[in-house]
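J.: Mind looking over this structure? Questions follow.
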Amino acid sequence: MILNFYFFLIFTLIGNVENPKTETFKVWGNCGMCKKTIEKSLSKKGIEGNWNKKTKLITVTYDSLKFNSQQVHEIICATGYDTEKCRANDEAYNNLHECCQYKRRD
């Protein structure tokens, strides 16, 4: 039963993406509004993502012929959220709702 769930989850994540590549990495944020903003920024580009607010981990699936890992990080950073590979600019971070302004790394 659990195995079936994992197959369903993997199929769902990569089901709509051509040339799929899946990665998991850290994205800083705080709340459900952060989740919505982060995931929406990706879906506008045709990238599927699922961010977990407790672990701060996102799993993304993207077309490896259209995007690379750094570009995915930069899309997220443009919305104001820091990732493992890039830091959002101060203007984007300051435009986040107050509850979404997480403690930034130095």
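As shown in the structure tokens, the chain order sets the letters A, B, ...; within each chain, residues go from 1, and ligands are also counted from 1 in the order they appear.
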Hey, which bits of stretch 11-53 of chain A sit within 12 Å of stretch 85-92 of chain A, and for each residue what's the closest pair of atoms and how far apart in Å (one decimal), counting only C-alpha atoms, rows by chain and increasing number, as JSON lines?

T.:
```
{"residue": "A:Phe25", "atom": "CA", "partner": "A:Lys85", "partner_atom": "CA", "distance": 9.1}
{"residue": "A:Lys26", "atom": "CA", "partner": "A:Lys85", "partner_atom": "CA", "distance": 9.1}
{"residue": "A:Val27", "atom": "CA", "partner": "A:Lys85", "partner_atom": "CA", "distance": 9.4}
{"residue": "A:Trp28", "atom": "CA", "partner": "A:Arg87", "partner_atom": "CA", "distance": 9.9}
{"residue": "A:Gly29", "atom": "CA", "partner": "A:Ala88", "partner_atom": "CA", "distance": 11.7}
```

J.: Do a neighbour search on stretch 62-79 of chain A at 6 Å with only C-alpha atoms, toss out local chain neighbours closer than 3 positions, and write the hits as a PDB file with N, CA and C atoms, in the first residue's frame.

T.:
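Output below, filename out_31.pdb:
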```
ATOM      1  N   VAL A  17       5.432  17.042 -16.871  1.00  0.00           N
ATOM      2  CA  VAL A  17       6.676  17.695 -17.236  1.00  0.00           C
ATOM      3  C   VAL A  17       7.438  16.817 -18.220  1.00  0.00           C
ATOM      4  N   GLU A  18       7.838  17.415 -19.361  1.00  0.00           N
ATOM      5  CA  GLU A  18       8.663  16.690 -20.316  1.00  0.00           C
ATOM      6  C   GLU A  18      10.117  16.738 -19.855  1.00  0.00           C
ATOM      7  N   ASN A  19      10.893  15.731 -20.205  1.00  0.00           N
ATOM      8  CA  ASN A  19      12.309  15.650 -19.831  1.00  0.00           C
ATOM      9  C   ASN A  19      12.497  15.942 -18.344  1.00  0.00           C
ATOM     10  N   PRO A  20      11.757  15.253 -17.474  1.00  0.00           N
ATOM     11  CA  PRO A  20      11.726  15.630 -16.059  1.00  0.00           C
ATOM     12  C   PRO A  20      13.042  15.406 -15.319  1.00  0.00           C
ATOM     13  N   LYS A  21      13.352  16.362 -14.486  1.00  0.00           N
ATOM     14  CA  LYS A  21      14.438  16.246 -13.518  1.00  0.00           C
ATOM     15  C   LYS A  21      13.838  16.674 -12.189  1.00  0.00           C
ATOM     16  N   ILE A  47       6.944  24.645 -13.881  1.00  0.00           N
ATOM     17  CA  ILE A  47       7.711  23.807 -12.967  1.00  0.00           C
ATOM     18  C   ILE A  47       6.794  23.369 -11.834  1.00  0.00           C
ATOM     19  N   ASP A  82      14.987  32.992   0.096  1.00  0.00           N
ATOM     20  CA  ASP A  82      16.344  32.479  -0.066  1.00  0.00           C
ATOM     21  C   ASP A  82      16.298  30.966  -0.258  1.00  0.00           C
ATOM     22  N   ALA A  88      17.678  35.991  -2.053  1.00  0.00           N
ATOM     23  CA  ALA A  88      16.745  36.958  -2.636  1.00  0.00           C
ATOM     24  C   ALA A  88      17.275  38.370  -2.408  1.00  0.00           C
TER      25      ALA A  88
END
```

J.: Enumerate as number ranges by chain all residues of chain A assigned to alpha helix (DSSP H) by DSSP on the backbone, naming them with the chain letters and numbers the document uses.

T.: A: 2-14, 32-43, 69-78, 90-94

J.: Include N, CA and C atoms and write out the residues we just selected as a compact mmCIF listing (two decimals), in the first residue's frame.

T.:
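The file below, out-v6.txt, is the result:
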```txt
# COMPACT_ATOMS: atom_id res chain seq x y z
N ILE A 2 1.90 1.28 0.86
CA ILE A 2 2.78 2.44 0.92
C ILE A 2 3.54 2.59 -0.40
N LEU A 3 3.96 1.48 -0.97
CA LEU A 3 4.67 1.51 -2.24
C LEU A 3 3.79 2.11 -3.33
N ASN A 4 2.53 1.75 -3.34
CA ASN A 4 1.59 2.32 -4.32
C ASN A 4 1.49 3.83 -4.15
N PHE A 5 1.49 4.30 -2.91
CA PHE A 5 1.42 5.74 -2.66
C PHE A 5 2.64 6.44 -3.26
N TYR A 6 3.84 5.87 -3.07
CA TYR A 6 5.05 6.49 -3.61
C TYR A 6 5.04 6.51 -5.13
N PHE A 7 4.57 5.45 -5.76
CA PHE A 7 4.46 5.47 -7.22
C PHE A 7 3.48 6.54 -7.67
N PHE A 8 2.36 6.67 -6.97
CA PHE A 8 1.38 7.71 -7.29
C PHE A 8 2.00 9.09 -7.13
N LEU A 9 2.73 9.30 -6.03
CA LEU A 9 3.35 10.60 -5.78
C LEU A 9 4.36 10.95 -6.86
N ILE A 10 5.21 10.00 -7.22
CA ILE A 10 6.21 10.24 -8.26
C ILE A 10 5.54 10.51 -9.59
N PHE A 11 4.54 9.72 -9.94
CA PHE A 11 3.82 9.93 -11.20
C PHE A 11 3.16 11.30 -11.22
N THR A 12 2.58 11.71 -10.10
CA THR A 12 1.92 13.01 -10.01
C THR A 12 2.92 14.13 -10.18
N LEU A 13 4.08 14.02 -9.55
CA LEU A 13 5.09 15.08 -9.64
C LEU A 13 5.65 15.22 -11.04
N ILE A 14 5.88 14.11 -11.74
CA ILE A 14 6.51 14.22 -13.04
C ILE A 14 5.53 13.99 -14.19
N GLY A 32 1.89 29.15 5.41
CA GLY A 32 1.11 28.70 4.27
C GLY A 32 1.11 29.70 3.12
N MET A 33 1.18 30.98 3.46
CA MET A 33 1.25 32.00 2.42
C MET A 33 2.57 31.89 1.66
N CYS A 34 3.64 31.59 2.37
CA CYS A 34 4.94 31.36 1.74
C CYS A 34 4.83 30.18 0.76
N LYS A 35 4.25 29.10 1.23
CA LYS A 35 4.08 27.91 0.39
C LYS A 35 3.37 28.25 -0.90
N LYS A 36 2.27 28.98 -0.78
CA LYS A 36 1.48 29.35 -1.95
C LYS A 36 2.30 30.21 -2.92
N THR A 37 3.02 31.19 -2.39
CA THR A 37 3.81 32.09 -3.23
C THR A 37 4.95 31.35 -3.93
N ILE A 38 5.66 30.54 -3.18
CA ILE A 38 6.79 29.79 -3.74
C ILE A 38 6.31 28.85 -4.85
N GLU A 39 5.30 28.06 -4.56
CA GLU A 39 4.80 27.08 -5.52
C GLU A 39 4.19 27.76 -6.75
N LYS A 40 3.49 28.87 -6.54
CA LYS A 40 2.87 29.59 -7.66
C LYS A 40 3.94 30.18 -8.58
N SER A 41 5.03 30.69 -8.00
CA SER A 41 6.10 31.26 -8.83
C SER A 41 6.67 30.22 -9.78
N LEU A 42 6.75 28.99 -9.32
CA LEU A 42 7.25 27.91 -10.15
C LEU A 42 6.23 27.46 -11.19
N SER A 43 4.98 27.31 -10.76
CA SER A 43 3.96 26.80 -11.69
C SER A 43 3.74 27.75 -12.87
N SER A 69 19.18 23.73 -12.66
CA SER A 69 18.96 23.88 -11.23
C SER A 69 19.09 25.33 -10.77
N GLN A 70 20.12 26.02 -11.24
CA GLN A 70 20.33 27.41 -10.83
C GLN A 70 19.16 28.29 -11.22
N GLN A 71 18.59 28.09 -12.39
CA GLN A 71 17.44 28.89 -12.83
C GLN A 71 16.24 28.67 -11.92
N VAL A 72 16.03 27.45 -11.48
CA VAL A 72 14.92 27.15 -10.57
C VAL A 72 15.12 27.91 -9.26
N HIS A 73 16.33 27.89 -8.74
CA HIS A 73 16.64 28.64 -7.51
C HIS A 73 16.38 30.13 -7.72
N GLU A 74 16.79 30.67 -8.85
CA GLU A 74 16.63 32.09 -9.12
C GLU A 74 15.17 32.51 -9.26
N ILE A 75 14.33 31.63 -9.80
CA ILE A 75 12.89 31.92 -9.88
C ILE A 75 12.33 32.09 -8.48
N ILE A 76 12.71 31.20 -7.58
CA ILE A 76 12.23 31.28 -6.19
C ILE A 76 12.78 32.54 -5.52
N CYS A 77 14.05 32.82 -5.70
CA CYS A 77 14.66 34.00 -5.08
C CYS A 77 14.02 35.29 -5.56
N ALA A 78 13.58 35.32 -6.79
CA ALA A 78 12.94 36.52 -7.33
C ALA A 78 11.65 36.87 -6.59
N ASP A 90 17.18 42.28 -1.39
CA ASP A 90 16.52 42.89 -0.23
C ASP A 90 15.16 43.47 -0.57
N GLU A 91 15.01 44.03 -1.76
CA GLU A 91 13.72 44.62 -2.15
C GLU A 91 12.63 43.55 -2.22
N ALA A 92 12.95 42.41 -2.84
CA ALA A 92 11.97 41.31 -2.94
C ALA A 92 11.63 40.78 -1.55
N TYR A 93 12.65 40.61 -0.71
CA TYR A 93 12.41 40.13 0.66
C TYR A 93 11.54 41.12 1.43
N ASN A 94 11.84 42.40 1.35
CA ASN A 94 11.08 43.42 2.08
C ASN A 94 9.65 43.55 1.60
```

J.: Would you please extract all strand (DSSP E) residues from chain A, as assigned by DSSP on the backbone, and give them as a PyMOL selection string?

T.: chain A and resi 20-26+48-52+57-63

J.: Taking into account only C-alpha atoms, which residue in the set A:Glu84, A:Glu23, A:Cys31, A:Asp106 is nearest to A:Lys54?

T.: A:Cys31

J.: Could you check how far atom CA of A:Lys44 sits from atom CA of A:Cys99, in Å to one decimal?

T.: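 Rounded to one decimal, the two atoms are 23.3 Å apart.
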
J.: Looking at A:Thr55, A:Thr24, A:Gly80, A:Lys45, which one is nearest to A:Leu96, with distances taken over only C-alpha atoms?

T.: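 Smallest distance to A:Leu96 is found for A:Gly80.
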
J.: Would you mind reading off the distance between atom CA of A:Tyr102 and atom CA of A:Gly46, one decimal, in Å?

T.: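 Taking atom CA of A:Tyr102 and atom CA of A:Gly46, their separation equals 26.3 Å.
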